[in-house]
$ cat final.cif   # mmCIF, C-alpha atoms
data_input
loop_
_atom_site.label_atom_id
_atom_site.label_comp_id
_atom_site.auth_asym_id
_atom_site.auth_seq_id
_atom_site.Cartn_x
_atom_site.Cartn_y
_atom_site.Cartn_z
CA MET K 1 17.25 9.92 12.27
CA VAL K 2 19.15 11.37 9.33
CA GLN K 3 22.90 11.27 9.82
CA GLN K 4 24.22 14.71 10.79
CA SER K 5 27.05 14.28 8.30
CA LEU K 6 24.51 14.48 5.49
CA ASN K 7 23.72 18.10 6.51
CA TRP K 8 20.12 18.42 5.36
CA LYS K 9 19.96 22.01 6.64
CA GLY K 10 22.70 23.06 4.25
CA MET K 11 20.92 21.28 1.41
CA ALA K 12 17.60 22.97 2.28
CA ALA K 13 19.29 26.38 2.33
CA ASN K 14 20.86 25.64 -1.07
CA LEU K 15 17.45 24.63 -2.46
CA ALA K 16 15.94 27.91 -1.24
CA ALA K 17 18.80 29.85 -2.81
CA GLU K 18 18.37 28.00 -6.11
CA LEU K 19 14.62 28.74 -6.21
CA LYS K 20 15.28 32.37 -5.35
CA ALA K 21 17.81 32.62 -8.21
CA THR K 22 15.32 31.19 -10.72
CA GLY K 23 12.57 33.56 -9.56
CA ASP K 24 10.34 30.76 -8.27
CA LEU K 25 10.77 31.99 -4.70
CA THR K 26 10.74 35.67 -3.77
CA ALA K 27 8.90 36.15 -0.44
CA ARG K 28 11.27 36.36 2.52
CA SER K 29 8.99 34.36 4.81
CA LEU K 30 8.71 31.53 2.29
CA ILE K 31 12.47 31.53 1.60
CA ASP K 32 12.96 31.05 5.33
CA ALA K 33 10.34 28.28 5.39
CA VAL K 34 12.01 26.29 2.58
CA SER K 35 15.39 26.69 4.32
CA ALA K 36 14.02 25.47 7.66
CA THR K 37 11.60 22.71 6.59
CA PRO K 38 13.01 19.15 6.53
CA ARG K 39 11.53 17.82 3.29
CA HIS K 40 13.13 14.44 3.99
CA LEU K 41 10.80 14.05 6.95
CA PHE K 42 7.88 14.01 4.52
CA VAL K 43 9.51 11.72 1.93
CA PRO K 44 10.98 8.77 3.86
CA ARG K 45 10.50 6.59 0.77
CA TYR K 46 10.25 7.37 -2.92
CA PHE K 47 10.93 5.82 -6.33
CA GLN K 48 13.57 7.05 -8.77
CA ASN K 49 13.18 6.56 -12.53
CA SER K 50 15.95 4.34 -13.91
CA GLY K 51 14.64 4.22 -17.48
CA GLY K 52 13.72 1.19 -19.50
CA ALA K 53 10.42 -0.03 -20.92
CA PRO K 54 8.47 -0.63 -18.82
CA THR K 55 10.05 1.93 -16.49
CA LEU K 56 12.29 0.50 -13.80
CA TRP K 57 11.83 2.33 -10.51
CA GLN K 58 14.54 2.32 -7.84
CA GLU K 59 13.27 2.51 -4.27
CA ARG K 60 15.11 5.09 -2.14
CA THR K 61 15.02 5.18 1.66
CA GLU K 62 17.16 6.63 4.46
CA PRO K 63 19.67 3.72 4.53
CA ASP K 64 20.67 4.81 0.99
CA GLY K 65 22.28 7.91 2.54
CA GLU K 66 23.09 10.77 0.18
CA SER K 67 21.60 8.99 -2.85
CA TRP K 68 18.29 9.21 -0.95
CA LEU K 69 18.74 12.67 0.55
CA ARG K 70 20.20 14.76 -2.28
CA PRO K 71 17.27 14.34 -4.72
CA ILE K 72 14.93 15.37 -1.91
CA TYR K 73 16.70 18.73 -1.65
CA SER K 74 16.83 19.30 -5.39
CA ASN K 75 14.11 20.89 -7.51
CA THR K 76 12.66 17.50 -8.35
CA THR K 77 9.27 15.79 -8.27
CA LEU K 78 9.51 12.59 -6.25
CA VAL K 79 7.22 9.63 -7.01
CA THR K 80 5.99 8.30 -3.67
CA ALA K 81 3.52 5.57 -4.70
CA LEU K 82 3.10 3.08 -7.54
CA ASP K 83 -0.09 1.39 -8.68
CA GLN K 84 0.11 -2.24 -9.86
CA ALA K 85 3.51 -2.31 -8.18
CA GLU K 86 5.61 -5.38 -8.92
CA GLN K 87 9.05 -5.98 -7.47
CA VAL K 88 11.51 -7.18 -10.11
CA THR K 89 15.26 -7.59 -10.37
CA ASN K 90 16.99 -4.32 -9.36
CA GLY K 91 13.78 -2.41 -8.69
CA TRP K 92 10.06 -2.07 -9.25
CA HIS K 93 7.57 -1.82 -12.11
CA GLY K 94 4.37 0.17 -11.66
CA ILE K 95 2.37 3.26 -12.53
CA PRO K 96 3.01 6.46 -10.49
CA THR K 97 -0.09 7.50 -8.55
CA SER K 98 1.27 9.94 -5.98
CA SER K 99 4.21 12.28 -5.68
CA SER K 100 5.89 15.06 -3.73
CA THR K 101 5.50 18.06 -6.04
CA GLN K 102 8.50 19.82 -7.55
CA PRO K 103 9.47 22.50 -4.98
CA SER K 104 9.56 25.31 -7.58
CA LEU K 105 5.94 24.61 -8.53
CA THR K 106 4.85 24.40 -4.89
CA CYS K 107 6.53 27.73 -4.13
CA ARG K 108 5.08 29.47 -7.19
CA MET K 109 1.59 28.36 -6.23
CA VAL K 110 1.89 29.36 -2.57
CA GLU K 111 3.34 32.75 -3.52
CA ALA K 112 0.62 33.37 -6.11
CA LEU K 113 -1.96 32.59 -3.45
CA ASP K 114 -0.43 35.31 -1.21
CA VAL K 115 -1.14 33.55 2.08
CA ARG K 116 -1.50 36.00 5.00
CA SER K 117 -0.94 35.19 8.67
CA ASP K 118 -4.64 35.37 9.60
CA ASP K 119 -6.00 33.48 6.56
CA ARG K 120 -8.11 30.35 6.79
CA VAL K 121 -6.59 28.01 4.22
CA LEU K 122 -7.71 24.80 2.52
CA ASP K 123 -5.04 22.41 1.21
CA GLY K 124 -7.11 20.18 -1.06
CA GLY K 125 -4.48 17.47 -1.41
CA LEU K 126 -2.33 16.86 1.67
CA GLY K 127 -0.16 14.16 0.10
CA THR K 128 3.18 13.91 1.88
CA GLY K 129 2.49 17.04 3.94
CA TYR K 130 5.47 19.12 2.75
CA GLN K 131 3.32 21.77 1.05
CA ALA K 132 1.10 21.95 4.15
CA ALA K 133 4.19 22.52 6.29
CA LEU K 134 5.26 25.49 4.13
CA ILE K 135 1.75 26.99 4.28
CA ALA K 136 1.40 26.41 8.03
CA SER K 137 4.65 28.30 8.58
CA GLN K 138 3.01 31.37 7.06
CA LEU K 139 0.03 31.28 9.45
CA ARG K 140 -0.42 32.53 12.99
CA HIS K 141 -1.78 29.13 14.08
CA GLY K 142 -1.55 25.75 12.33
CA SER K 143 -5.25 25.14 13.06
CA GLN K 144 -6.07 27.81 10.44
CA LEU K 145 -5.06 25.23 7.81
CA THR K 146 -7.46 22.43 6.84
CA ALA K 147 -5.87 19.66 4.76
CA CYS K 148 -7.76 16.88 2.97
CA ASP K 149 -6.56 13.64 1.47
CA LEU K 150 -8.03 10.25 0.64
CA SER K 151 -5.03 8.36 2.01
CA GLY K 152 -1.85 8.86 3.97
CA THR K 153 -3.34 11.52 6.22
CA SER K 154 -2.27 9.75 9.40
CA GLU K 155 1.45 9.73 8.59
CA ALA K 156 1.45 13.21 7.07
CA GLY K 157 -0.43 14.55 10.07
CA LYS K 158 2.12 13.04 12.46
CA ARG K 159 4.96 14.66 10.55
CA LEU K 160 3.26 18.06 10.74
CA VAL K 161 2.72 17.66 14.49
CA GLN K 162 6.38 16.70 14.85
CA LEU K 163 7.25 20.13 13.42
CA GLY K 164 4.78 21.88 15.69
CA HIS K 165 2.03 22.43 13.10
CA ASP K 166 -1.39 21.62 14.58
CA VAL K 167 -3.13 21.28 11.21
CA ASP K 168 -6.76 20.13 10.90
CA VAL K 169 -6.37 16.97 8.80
CA LEU K 170 -9.47 15.39 7.19
CA PRO K 171 -9.46 11.96 5.52
CA ALA K 172 -11.83 13.25 2.85
CA ASP K 173 -12.23 14.11 -0.83
CA ALA K 174 -11.94 17.90 -0.95
CA THR K 175 -13.95 18.02 -4.19
CA SER K 176 -17.08 16.69 -2.45
CA GLN K 177 -16.51 17.37 1.26
CA ALA K 178 -19.15 19.60 2.90
CA PHE K 179 -17.06 22.04 4.95
CA ASN K 180 -18.58 23.86 7.90
CA LYS K 181 -16.41 26.93 7.35
CA LYS K 182 -15.32 29.35 4.66
CA PHE K 183 -11.74 29.66 3.39
CA ASP K 184 -9.79 32.75 2.42
CA LYS K 185 -7.33 30.71 0.36
CA ALA K 186 -7.45 27.26 -1.25
CA ILE K 187 -4.77 25.29 -3.06
CA PHE K 188 -5.08 22.05 -5.02
CA SER K 189 -1.93 20.09 -5.80
CA PHE K 190 -3.65 17.55 -8.02
CA GLY K 191 -5.30 17.80 -11.40
CA LEU K 192 -8.79 19.23 -10.92
CA PRO K 193 -11.02 18.54 -13.96
CA ARG K 194 -13.58 21.08 -12.74
CA ILE K 195 -14.27 23.33 -9.76
CA THR K 196 -17.10 21.56 -7.96
CA ASP K 197 -20.01 23.37 -6.31
CA THR K 198 -18.68 22.11 -2.97
CA ILE K 199 -15.35 23.86 -3.51
CA ARG K 200 -17.00 27.02 -4.81
CA SER K 201 -19.35 27.28 -1.83
CA ALA K 202 -16.42 26.88 0.59
CA MET K 203 -14.70 30.07 -0.61
CA ALA K 204 -15.17 33.27 1.40
CA PRO K 205 -15.97 36.48 -0.52
CA GLY K 206 -12.67 37.91 -1.72
CA GLY K 207 -10.97 34.55 -1.24
CA HIS K 208 -8.53 33.07 -3.76
CA LEU K 209 -8.15 29.57 -5.15
CA ILE K 210 -5.29 28.17 -7.23
CA ALA K 211 -5.42 24.88 -9.12
CA ASN K 212 -4.36 22.98 -12.22
CA VAL K 213 -7.64 22.61 -14.13
CA LEU K 214 -9.06 21.20 -17.36
CA GLY K 215 -6.74 18.17 -17.29
CA PRO K 216 -5.49 15.61 -17.79
CA LEU K 217 -4.18 17.00 -21.09
CA SER K 218 -3.53 20.57 -19.98
CA ALA K 219 -0.88 21.91 -17.61
CA ALA K 220 -2.31 25.34 -16.82
CA LEU K 221 -2.69 26.99 -13.42
CA VAL K 222 -5.64 29.28 -12.78
CA LEU K 223 -5.94 31.82 -9.94
CA LEU K 224 -9.58 32.50 -9.13
CA GLU K 225 -11.17 35.10 -6.86
CA ALA K 226 -14.53 34.56 -5.17
CA ASP K 227 -17.16 37.29 -5.19
CA GLY K 228 -20.04 37.87 -2.76
CA ASP K 229 -22.42 35.74 -4.85
CA GLY K 230 -20.23 32.64 -4.75
CA ASN K 231 -18.86 33.03 -8.27
CA LEU K 232 -15.17 32.51 -9.13
CA ASN K 233 -13.25 34.39 -11.77
CA GLY K 234 -9.60 34.86 -12.71
CA PRO K 235 -6.72 34.42 -15.15
CA PHE K 236 -4.48 31.51 -16.02
CA LEU K 237 -0.91 32.08 -14.85
CA GLN K 238 2.16 32.34 -17.05
CA GLY K 239 3.93 29.32 -15.57
CA GLY K 240 2.26 25.96 -16.08
CA GLY K 241 1.98 23.21 -13.53
CA LEU K 242 1.02 19.63 -14.30
CA PHE K 243 -0.26 17.36 -11.55
CA MET K 244 -1.48 13.80 -11.31
CA PRO K 245 -5.28 13.66 -11.68
CA ALA K 246 -7.58 13.70 -8.69
CA ARG K 247 -8.41 10.35 -7.14
CA HIS K 248 -11.93 9.52 -6.01
CA LYS K 249 -13.54 6.67 -4.14
CA ASP K 250 -16.03 4.21 -5.62
CA ARG K 251 -15.75 5.21 -9.27
CA ASP K 252 -16.84 2.49 -11.70
CA PRO K 253 -14.62 1.84 -14.74
CA VAL K 254 -15.87 3.12 -18.07
CA SER K 255 -16.92 0.50 -20.62
CA LEU K 256 -15.32 1.46 -23.93
CA PRO K 257 -17.15 0.95 -27.23
CA ALA K 258 -15.58 -0.94 -30.10
CA GLN K 259 -13.02 1.22 -31.91
CA VAL K 260 -13.86 0.78 -35.58
CA PRO K 261 -12.85 3.58 -38.00
CA ALA K 262 -15.93 5.20 -39.49
CA SER K 263 -14.55 8.20 -41.40
CA GLN K 264 -11.31 9.38 -42.93
CA GLY K 265 -9.79 12.39 -44.67
CA LEU K 266 -6.77 14.70 -44.86
CA THR K 267 -5.65 17.46 -42.53
CA ASP K 268 -2.82 20.00 -42.41
CA ILE K 269 -2.33 19.96 -38.61
CA PRO K 270 1.44 19.38 -38.09
CA VAL K 271 2.44 16.49 -35.86
CA GLU K 272 4.50 18.79 -33.61
CA THR K 273 1.32 20.67 -32.68
CA PHE K 274 0.49 17.85 -30.29
CA ASP K 275 3.66 18.61 -28.31
CA ASN K 276 2.63 22.24 -27.72
CA TYR K 277 1.27 22.73 -24.19
CA GLN K 278 -0.49 25.96 -25.19
CA PHE K 279 -2.49 24.24 -27.93
CA LYS K 280 -3.23 21.22 -25.75
CA PHE K 281 -4.61 23.58 -23.11
CA LEU K 282 -7.14 24.99 -25.59
CA LEU K 283 -7.98 21.50 -26.84
CA ALA K 284 -8.50 20.16 -23.31
CA ALA K 285 -10.93 22.97 -22.54
CA HIS K 286 -13.14 22.00 -25.47
CA LEU K 287 -12.78 18.22 -25.15
CA PRO K 288 -13.27 17.66 -21.38
CA GLY K 289 -11.27 14.74 -20.04
CA VAL K 290 -9.55 13.97 -23.35
CA ASN K 291 -6.32 11.97 -23.35
CA LEU K 292 -3.62 12.10 -26.02
CA GLN K 293 -1.96 8.84 -27.05
CA TYR K 294 1.29 8.69 -29.04
CA GLY K 295 2.06 5.69 -31.21
CA THR K 296 3.57 4.20 -34.33
CA GLU K 297 1.70 1.94 -36.74
CA GLU K 298 3.05 0.53 -39.99
CA GLY K 299 5.79 3.13 -40.22
CA GLN K 300 3.44 6.01 -39.42
CA SER K 301 3.44 8.22 -36.34
CA THR K 302 -0.02 8.42 -34.80
CA ARG K 303 -1.75 10.85 -32.48
CA ARG K 304 -5.01 9.62 -31.00
CA LEU K 305 -7.43 11.71 -28.96
CA VAL K 306 -9.50 9.52 -26.64
CA MET K 307 -12.52 10.73 -24.68
CA PRO K 308 -13.50 9.29 -21.27
CA ASP K 309 -16.39 7.41 -22.90
CA GLY K 310 -14.05 5.75 -25.42
CA ARG K 311 -14.77 7.83 -28.54
CA TRP K 312 -11.64 8.71 -30.44
CA CYS K 313 -10.08 10.47 -33.38
CA GLU K 314 -6.68 9.54 -34.78
CA LEU K 315 -4.19 11.26 -37.07
CA ALA K 316 -1.57 9.17 -38.86
CA TYR K 317 1.56 10.90 -40.20
CA ARG K 318 3.37 9.21 -43.05
CA ASP K 319 7.12 9.53 -42.58
CA ALA K 320 7.60 10.21 -46.28
CA SER K 321 4.84 12.81 -46.41
CA PRO K 322 4.56 14.58 -43.03
CA ARG K 323 2.42 17.41 -44.39
CA GLU K 324 -0.35 15.12 -45.59
CA PRO K 325 -1.51 13.11 -42.58
CA ARG K 326 -4.70 11.13 -42.78
CA TYR K 327 -7.20 11.31 -39.94
CA TYR K 328 -9.63 8.67 -38.76
CA GLY K 329 -12.65 9.00 -36.51
CA GLN K 330 -14.94 6.42 -34.92
CA GLY K 331 -18.57 7.38 -34.63
CA ALA K 332 -17.69 10.80 -33.21
CA PRO K 333 -17.15 13.41 -35.94
CA GLU K 334 -17.45 16.13 -33.30
CA ILE K 335 -14.00 15.22 -31.95
CA TRP K 336 -12.40 15.78 -35.33
CA LYS K 337 -14.43 18.96 -35.87
CA THR K 338 -13.37 20.32 -32.49
CA LEU K 339 -9.72 19.51 -33.17
CA ARG K 340 -9.84 21.23 -36.54
CA TRP K 341 -11.67 24.27 -35.11
CA ALA K 342 -9.17 24.61 -32.24
CA TRP K 343 -6.21 24.48 -34.63
CA GLN K 344 -7.69 27.10 -36.97
CA TRP K 345 -8.77 29.42 -34.12
CA TRP K 346 -5.42 29.16 -32.34
CA THR K 347 -3.22 29.74 -35.39
CA LYS K 348 -5.37 32.61 -36.67
CA ARG K 349 -4.76 34.47 -33.40
CA GLY K 350 -1.02 33.99 -33.38
CA MET K 351 -0.93 30.90 -31.16
CA PRO K 352 -1.75 32.64 -27.86
CA ARG K 353 -0.35 31.28 -24.62
CA TRP K 354 -2.59 30.18 -21.75
CA GLU K 355 -2.02 33.39 -19.76
CA ARG K 356 -4.16 35.15 -22.40
CA PHE K 357 -7.14 33.15 -21.10
CA GLY K 358 -9.20 33.11 -17.93
CA LEU K 359 -11.97 31.13 -16.28
CA THR K 360 -15.30 32.02 -14.74
CA VAL K 361 -17.15 29.50 -12.56
CA THR K 362 -20.78 30.04 -11.51
CA ASP K 363 -23.75 27.84 -10.69
CA ALA K 364 -24.35 27.78 -14.46
CA GLY K 365 -21.01 26.05 -15.06
CA HIS K 366 -17.51 26.88 -16.31
CA ARG K 367 -16.74 29.45 -18.98
CA LEU K 368 -13.30 29.88 -20.55
CA TRP K 369 -12.65 33.39 -21.80
CA TYR K 370 -10.06 34.94 -24.08
CA GLN K 371 -8.33 38.21 -23.07
CA SER K 372 -11.13 39.39 -20.74
CA PRO K 373 -14.31 38.04 -19.09
CA GLU K 374 -16.30 40.25 -21.47
CA GLY K 375 -14.46 38.93 -24.53
CA GLU K 376 -14.83 35.78 -26.59
CA SER K 377 -15.79 32.85 -24.37
CA TRP K 378 -16.99 29.25 -24.39
CA ALA K 379 -18.81 26.96 -21.98
CA VAL K 380 -16.41 24.17 -20.91
CA GLY K 381 -16.36 21.16 -18.63
#

$ encode --input "final.cif" --output "structure tokens"
Amino acid sequence: MVQQSLNWKGMAANLAAELKATGDLTARSLIDAVSATPRHLFVPRYFQNSGGAPTLWQERTEPDGESWLRPIYSNTTLVTALDQAEQVTNGWHGIPTSSSTQPSLTCRMVEALDVRSDDRVLDGGLGTGYQAALIASQLRHGSQLTACDLSGTSEAGKRLVQLGHDVDVLPADATSQAFNKKFDKAIFSFGLPRITDTIRSAMAPGGHLIANVLGPLSAALVLLEADGDGNLNGPFLQGGGLFMPARHKDRDPVSLPAQVPASQGLTDIPVETFDNYQFKFLLAAHLPGVNLQYGTEEGQSTRRLVMPDGRWCELAYRDASPREPRYYGQGAPEIWKTLRWAWQWWTKRGMPRWERFGLTVTDAGHRLWYQSPEGESWAVG
């Protein structure tokens, strides 16, 4: 048990007050839930970034006392699992694969979803269980909440029961699970490349779904409403929210083709454009699954767009001539053409933010729209 001298309740109340002051938390019932929910119960172990290359991760557990507890009750994302983990001197090396979401983002999403006491709710990614605990506290009965996860459901479920939340926990992939019920609200705390037909068919008419979509490059949250025909439609929200990508079982690795430059030319796209989340959102929508790689080669800064099938396009920025970068493409001129089109479209319209866009999802696919569903739009995904 946590030492009483560490006063987690005081820390939880301070966290709620901080989130209220920043505007991330406004609903009285949710303020009370953050103040009363022991987040440390859901994060008995996590890894703290200590810098370095590769990153050195410090493992934190209850015996570490306040150095373990205080970050838990701060507005901080906590890495809870590492892939390819290797214990080294003074810590661990590995790639983060799971985390406890930053509380401000969790609260913004739950508030935007407007959970009501009689709602049937789907939590698409149970994770540590902290988000599920906050949602369950808003419901009349914990059984109204169904939570899915590929791993860790046993421990998270036990923690929820310990707090009196009788949540229906499924060890399943929420993107492909065939549910035998309809949900009024659904929340996904992992990157969702697309809204699957399974998810769409699980939404009740008038129901709402919130998720980070079009990743991994983008960081935009969309709030969708279901109609009576099973279609989803809604705007992207002003505040972003980046999550780790969805994990799936039994996915074969992609075999990448040889990366041999096949074309070259000049472009006027500034290097700093690739740091702009609003532009990357638009780019991600038109290049599904694209990743952005940063690098330096022979004194030049490089930005490489890589598609899931291995096709790529690279821009190299000469330090002495930053306004005249040279681009390279390998057997995929459409990547370069899409990049150039996105830059020209975005700048011509005054560099609109993602809340100027929306998404419609039907059995015909996904359509990104600008300003209104009847306005300019594109098939995506």

$ atom_distance --input "final.cif" --atom1 "CA of Pro44 in chain K" --atom2 "CA of Glu62 in chain K"
6.6 Å

$ residues_around --input "final.cif" --residues "Ala211 in chain K" --least-positions-apart "6" --cutoff "10 Å" --atoms "all atoms listed in the file" --output "ChimeraX atom specification"
/K:109,124,186-195,220-224,236,241-243

$ atom_distance --input "final.cif" --atom1 "CA of Leu237 in chain K" --atom2 "CA of Gln144 in chain K"
26.2 Å

$ residues_near_point --input "final.cif" --point "(0.0, 20.6, 0.1)" --cutoff "8 Å" --atoms "all atoms listed in the file" --output "ChimeraX atom specification"
/K:106,123-133,135,147,187-189

$ write_last_selection --input "final.cif" --atoms "C-alpha atoms" --output "PDB file, in the coordinates of the input"
ATOM      1  CA  THR K 106       4.850  24.400  -4.890  1.00  0.00           C
ATOM      2  CA  ASP K 123      -5.040  22.410   1.210  1.00  0.00           C
ATOM      3  CA  GLY K 124      -7.110  20.180  -1.060  1.00  0.00           C
ATOM      4  CA  GLY K 125      -4.480  17.470  -1.410  1.00  0.00           C
ATOM      5  CA  LEU K 126      -2.330  16.860   1.670  1.00  0.00           C
ATOM      6  CA  GLY K 127      -0.160  14.160   0.100  1.00  0.00           C
ATOM      7  CA  THR K 128       3.180  13.910   1.880  1.00  0.00           C
ATOM      8  CA  GLY K 129       2.490  17.040   3.940  1.00  0.00           C
ATOM      9  CA  TYR K 130       5.470  19.120   2.750  1.00  0.00           C
ATOM     10  CA  GLN K 131       3.320  21.770   1.050  1.00  0.00           C
ATOM     11  CA  ALA K 132       1.100  21.950   4.150  1.00  0.00           C
ATOM     12  CA  ALA K 133       4.190  22.520   6.290  1.00  0.00           C
ATOM     13  CA  ILE K 135       1.750  26.990   4.280  1.00  0.00           C
ATOM     14  CA  ALA K 147      -5.870  19.660   4.760  1.00  0.00           C
ATOM     15  CA  ILE K 187      -4.770  25.290  -3.060  1.00  0.00           C
ATOM     16  CA  PHE K 188      -5.080  22.050  -5.020  1.00  0.00           C
ATOM     17  CA  SER K 189      -1.930  20.090  -5.800  1.00  0.00           C
TER      18      SER K 189
END

$ resolve_selection --input "final.cif" --expression "the PyMOL selection byres ((chain K and resi 335-337) around 12)" --output "number ranges by chain"
K: 262-267, 269, 283-284, 286-288, 290-291, 304-307, 310-315, 326-334, 338-344

$ write_last_selection --input "final.cif" --atoms "C-alpha atoms" --output "CSV table (one decimal), in the frame of the given file"
chain,number,residue,atom,x,y,z
K,262,ALA,CA,-15.9,5.2,-39.5
K,263,SER,CA,-14.6,8.2,-41.4
K,264,GLN,CA,-11.3,9.4,-42.9
K,265,GLY,CA,-9.8,12.4,-44.7
K,266,LEU,CA,-6.8,14.7,-44.9
K,267,THR,CA,-5.6,17.5,-42.5
K,269,ILE,CA,-2.3,20.0,-38.6
K,283,LEU,CA,-8.0,21.5,-26.8
K,284,ALA,CA,-8.5,20.2,-23.3
K,286,HIS,CA,-13.1,22.0,-25.5
K,287,LEU,CA,-12.8,18.2,-25.2
K,288,PRO,CA,-13.3,17.7,-21.4
K,290,VAL,CA,-9.6,14.0,-23.4
K,291,ASN,CA,-6.3,12.0,-23.4
K,304,ARG,CA,-5.0,9.6,-31.0
K,305,LEU,CA,-7.4,11.7,-29.0
K,306,VAL,CA,-9.5,9.5,-26.6
K,307,MET,CA,-12.5,10.7,-24.7
K,310,GLY,CA,-14.0,5.8,-25.4
K,311,ARG,CA,-14.8,7.8,-28.5
K,312,TRP,CA,-11.6,8.7,-30.4
K,313,CYS,CA,-10.1,10.5,-33.4
K,314,GLU,CA,-6.7,9.5,-34.8
K,315,LEU,CA,-4.2,11.3,-37.1
K,326,ARG,CA,-4.7,11.1,-42.8
K,327,TYR,CA,-7.2,11.3,-39.9
K,328,TYR,CA,-9.6,8.7,-38.8
K,329,GLY,CA,-12.6,9.0,-36.5
K,330,GLN,CA,-14.9,6.4,-34.9
K,331,GLY,CA,-18.6,7.4,-34.6
K,332,ALA,CA,-17.7,10.8,-33.2
K,333,PRO,CA,-17.2,13.4,-35.9
K,334,GLU,CA,-17.4,16.1,-33.3
K,338,THR,CA,-13.4,20.3,-32.5
K,339,LEU,CA,-9.7,19.5,-33.2
K,340,ARG,CA,-9.8,21.2,-36.5
K,341,TRP,CA,-11.7,24.3,-35.1
K,342,ALA,CA,-9.2,24.6,-32.2
K,343,TRP,CA,-6.2,24.5,-34.6
K,344,GLN,CA,-7.7,27.1,-37.0

$ residues_around --input "final.cif" --residues "His366 in chain K" --least-positions-apart "2" --cutoff "6 Å" --atoms "all atoms listed in the file" --output "ChimeraX atom specification"
/K:360-361,379-380

$ write_last_selection --input "final.cif" --atoms "C-alpha atoms" --output "PDB file, keeping the file's coordinate frame"
ATOM      1  CA  THR K 360     -15.300  32.020 -14.740  1.00  0.00           C
ATOM      2  CA  VAL K 361     -17.150  29.500 -12.560  1.00  0.00           C
ATOM      3  CA  ALA K 379     -18.810  26.960 -21.980  1.00  0.00           C
ATOM      4  CA  VAL K 380     -16.410  24.170 -20.910  1.00  0.00           C
TER       5      VAL K 380
END

$ resolve_selection --input "final.cif" --expression "the PyMOL selection byres ((chain K and resi 60) around 10)" --output "list of chain:residue names"
K:Val43, K:Pro44, K:Arg45, K:Tyr46, K:Phe47, K:Gln48, K:Trp57, K:Gln58, K:Glu59, K:Thr61, K:Glu62, K:Pro63, K:Asp64, K:Gly65, K:Ser67, K:Trp68, K:Leu69, K:Pro71, K:Thr80

$ atom_distance --input "final.cif" --atom1 "CA of Asn75 in chain K" --atom2 "CA of Thr89 in chain K"
28.6 Å

$ residues_around --input "final.cif" --residues "Ala204 in chain K" --least-positions-apart "4" --cutoff "12 Å" --atoms "only C-alpha atoms" --output "count of residues only"
25

$ closest_residue --input "final.cif" --among "K:Phe281, K:Asn49, K:Thr296, K:Thr26" --to "His93 in chain K" --atoms "all atoms listed in the file"
K:Asn49

$ closest_residue --input "final.cif" --among "K:Arg353, K:Arg39, K:Arg116, K:Arg318" --to "Lys280 in chain K" --atoms "all atoms listed in the file"
K:Arg353

$ residues_around --input "final.cif" --residues "Leu15 in chain K" --least-positions-apart "5" --cutoff "12 Å" --atoms "all atoms listed in the file" --output "list in words"
Trp8, Lys9, Gly10, Lys20, Ala21, Thr22, Asp24, Leu25, Ile31, Asp32, Ala33, Val34, Ser35, Ala36, Thr37, Pro38, Arg39, Arg70, Pro71, Ile72, Tyr73, Ser74, Asn75, Thr76, Gln102, Pro103, Ser104 and Cys107 of chain K

$ resolve_selection --input "final.cif" --expression "the PyMOL selection byres ((chain K and resi 298) around 12)" --output "JSON, numbers by chain"
{"K": [295, 296, 297, 299, 300, 301, 302, 316, 317, 318, 319]}

$ closest_residue --input "final.cif" --among "K:Ser143, K:Leu105, K:Ala27, K:Cys148" --to "Val161 in chain K" --atoms "only C-alpha atoms"
K:Ser143

$ residues_around --input "final.cif" --residues "range 272-279 of chain K" --least-positions-apart "6" --cutoff "7 Å" --atoms "all atoms listed in the file" --output "PyMOL selection string"
chain K and resi 218-219+353-354

$ closest_residue --input "final.cif" --among "K:Leu160, K:Ala136, K:Ala172, K:Ala12" --to "Val110 in chain K" --atoms "only C-alpha atoms"
K:Ala136

$ closest_residue --input "final.cif" --among "K:Arg349, K:Leu150, K:Glu376, K:Asn90" --to "Ser50 in chain K" --atoms "all atoms listed in the file"
K:Asn90
